[in-house]
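Data block below; observations after.
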Amino acid sequence: MSTNLEKIKGVLSEQGYKAGTRGMTEWNEWIEVEKQELSKVMERYDVQWKPLGTHNKHLLVLDFEKQERQKEVAELEQTISGSKEELSNIFHQQIVAGKGTGAGEVGRSKALEQAERSKKRLKRAFEFYK
């Protein structure tokens, strides 16, 4: 019992299309010949082929996942560096607030609250990064 794919391959091989490498099957070889013929007809009628550049190379699943992880890591590194700067600013504010008296206590408590929030954000970012 033969399948439709075997029938198509048989017809294409009868027409002279032979499979070469793994990527160059009878079907792909036929497509290339048809594209060449189409370009000849288009040239005859002064029609320009407009390349859209939309064909992306197919990636293996592992390569695709690796590419996506690299994007995620880059985003997380930006988040972490921003959080480190923010934490540094908060520590600086804590030091300045600690030197003052009276009103400095209010500033110090705000700085401590900001520090706690930043620590929580950093902790979430590091957990996601793992």
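Ordered as shown in the structure tokens, chains take letters A, B, and onward, while each chain numbers its residues from 1 and ligands are numbered from 1 in the order shown.
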Do a neighbour search on range 111-113 of chain A at 7 Å with only C-alpha atoms, toss out local chain neighbours closer than 5 positions, and write the hits as a tab-separated table (two decimals) with C-alpha atoms, in the first residue's frame.
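Contents of the output file selection.tsv:
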chain	number	residue	atom	x	y	z
A	90	ILE	CA	18.47	54.23	48.85
A	93	GLN	CA	19.63	58.35	51.30
A	94	GLN	CA	19.76	56.27	54.49
Excluding same-chain residues fewer than 5 positions from Gln48 in chain A, what lies within 9 Å of it counting only C-alpha atoms, as a PyMOL selection string? chain A and resi 39+42-43
Write out as a PyMOL selection string the residues lying within 9 Å of Leu122 in chain A, counting only C-alpha atoms and excluding same-chain residues fewer than 2 positions away. chain A and resi 79-80+83-84+117-120+124-127
Next, write the just-selected residues to a file, as a PDB file, in the first residue's frame, keeping N, CA, C and O atoms as the atom set.
ATOM      1  N   THR A  79      17.193  44.565  34.530  1.00  0.00           N
ATOM      2  CA  THR A  79      16.390  44.769  35.735  1.00  0.00           C
ATOM      3  C   THR A  79      17.277  44.766  36.977  1.00  0.00           C
ATOM      4  O   THR A  79      17.151  45.622  37.849  1.00  0.00           O
ATOM      5  N   ILE A  80      18.192  43.808  37.018  1.00  0.00           N
ATOM      6  CA  ILE A  80      19.082  43.699  38.171  1.00  0.00           C
ATOM      7  C   ILE A  80      19.985  44.920  38.277  1.00  0.00           C
ATOM      8  O   ILE A  80      20.157  45.481  39.360  1.00  0.00           O
ATOM      9  N   SER A  83      18.028  47.787  39.534  1.00  0.00           N
ATOM     10  CA  SER A  83      17.696  47.609  40.947  1.00  0.00           C
ATOM     11  C   SER A  83      18.914  47.865  41.825  1.00  0.00           C
ATOM     12  O   SER A  83      18.790  48.408  42.922  1.00  0.00           O
ATOM     13  N   LYS A  84      20.085  47.477  41.340  1.00  0.00           N
ATOM     14  CA  LYS A  84      21.301  47.730  42.112  1.00  0.00           C
ATOM     15  C   LYS A  84      21.543  49.232  42.250  1.00  0.00           C
ATOM     16  O   LYS A  84      21.904  49.708  43.322  1.00  0.00           O
ATOM     17  N   ARG A 117      11.426  47.497  49.675  1.00  0.00           N
ATOM     18  CA  ARG A 117      10.777  47.228  48.384  1.00  0.00           C
ATOM     19  C   ARG A 117      11.802  46.806  47.336  1.00  0.00           C
ATOM     20  O   ARG A 117      11.573  45.874  46.565  1.00  0.00           O
ATOM     21  N   SER A 118      12.937  47.474  47.302  1.00  0.00           N
ATOM     22  CA  SER A 118      13.982  47.126  46.327  1.00  0.00           C
ATOM     23  C   SER A 118      14.539  45.741  46.595  1.00  0.00           C
ATOM     24  O   SER A 118      14.814  44.983  45.670  1.00  0.00           O
ATOM     25  N   LYS A 119      14.715  45.412  47.866  1.00  0.00           N
ATOM     26  CA  LYS A 119      15.213  44.082  48.208  1.00  0.00           C
ATOM     27  C   LYS A 119      14.240  43.012  47.727  1.00  0.00           C
ATOM     28  O   LYS A 119      14.644  41.976  47.190  1.00  0.00           O
ATOM     29  N   LYS A 120      12.943  43.256  47.892  1.00  0.00           N
ATOM     30  CA  LYS A 120      11.939  42.294  47.439  1.00  0.00           C
ATOM     31  C   LYS A 120      11.990  42.143  45.926  1.00  0.00           C
ATOM     32  O   LYS A 120      11.909  41.034  45.403  1.00  0.00           O
ATOM     33  N   ARG A 124      12.881  38.733  43.840  1.00  0.00           N
ATOM     34  CA  ARG A 124      12.031  38.153  42.785  1.00  0.00           C
ATOM     35  C   ARG A 124      12.801  38.001  41.486  1.00  0.00           C
ATOM     36  O   ARG A 124      12.682  37.000  40.788  1.00  0.00           O
ATOM     37  N   ALA A 125      13.626  39.004  41.144  1.00  0.00           N
ATOM     38  CA  ALA A 125      14.391  38.945  39.902  1.00  0.00           C
ATOM     39  C   ALA A 125      15.390  37.792  39.948  1.00  0.00           C
ATOM     40  O   ALA A 125      15.541  37.053  38.976  1.00  0.00           O
ATOM     41  N   PHE A 126      16.074  37.613  41.080  1.00  0.00           N
ATOM     42  CA  PHE A 126      17.037  36.524  41.200  1.00  0.00           C
ATOM     43  C   PHE A 126      16.346  35.175  41.181  1.00  0.00           C
ATOM     44  O   PHE A 126      16.867  34.221  40.617  1.00  0.00           O
ATOM     45  N   GLU A 127      15.178  35.057  41.791  1.00  0.00           N
ATOM     46  CA  GLU A 127      14.439  33.795  41.762  1.00  0.00           C
ATOM     47  C   GLU A 127      14.015  33.454  40.351  1.00  0.00           C
ATOM     48  O   GLU A 127      14.091  32.313  39.927  1.00  0.00           O
TER      49      GLU A 127
END
From the options A:Val41, A:Glu72, A:Gln78, A:Glu26, which residue's atoms come nearest to Glu14 in chain A, counting only C-alpha atoms? A:Glu26
Could you jot down the CA of Glu34 in chain A to CA of Thr3 in chain A separation for me, Å, one decimal place?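 CA of Glu34 in chain A sits 24.2 Å away from CA of Thr3 in chain A.
Reported to one decimal place, the separation of CA of Phe91 in chain A from CA of Leu76 in chain A is 22.1 Å.
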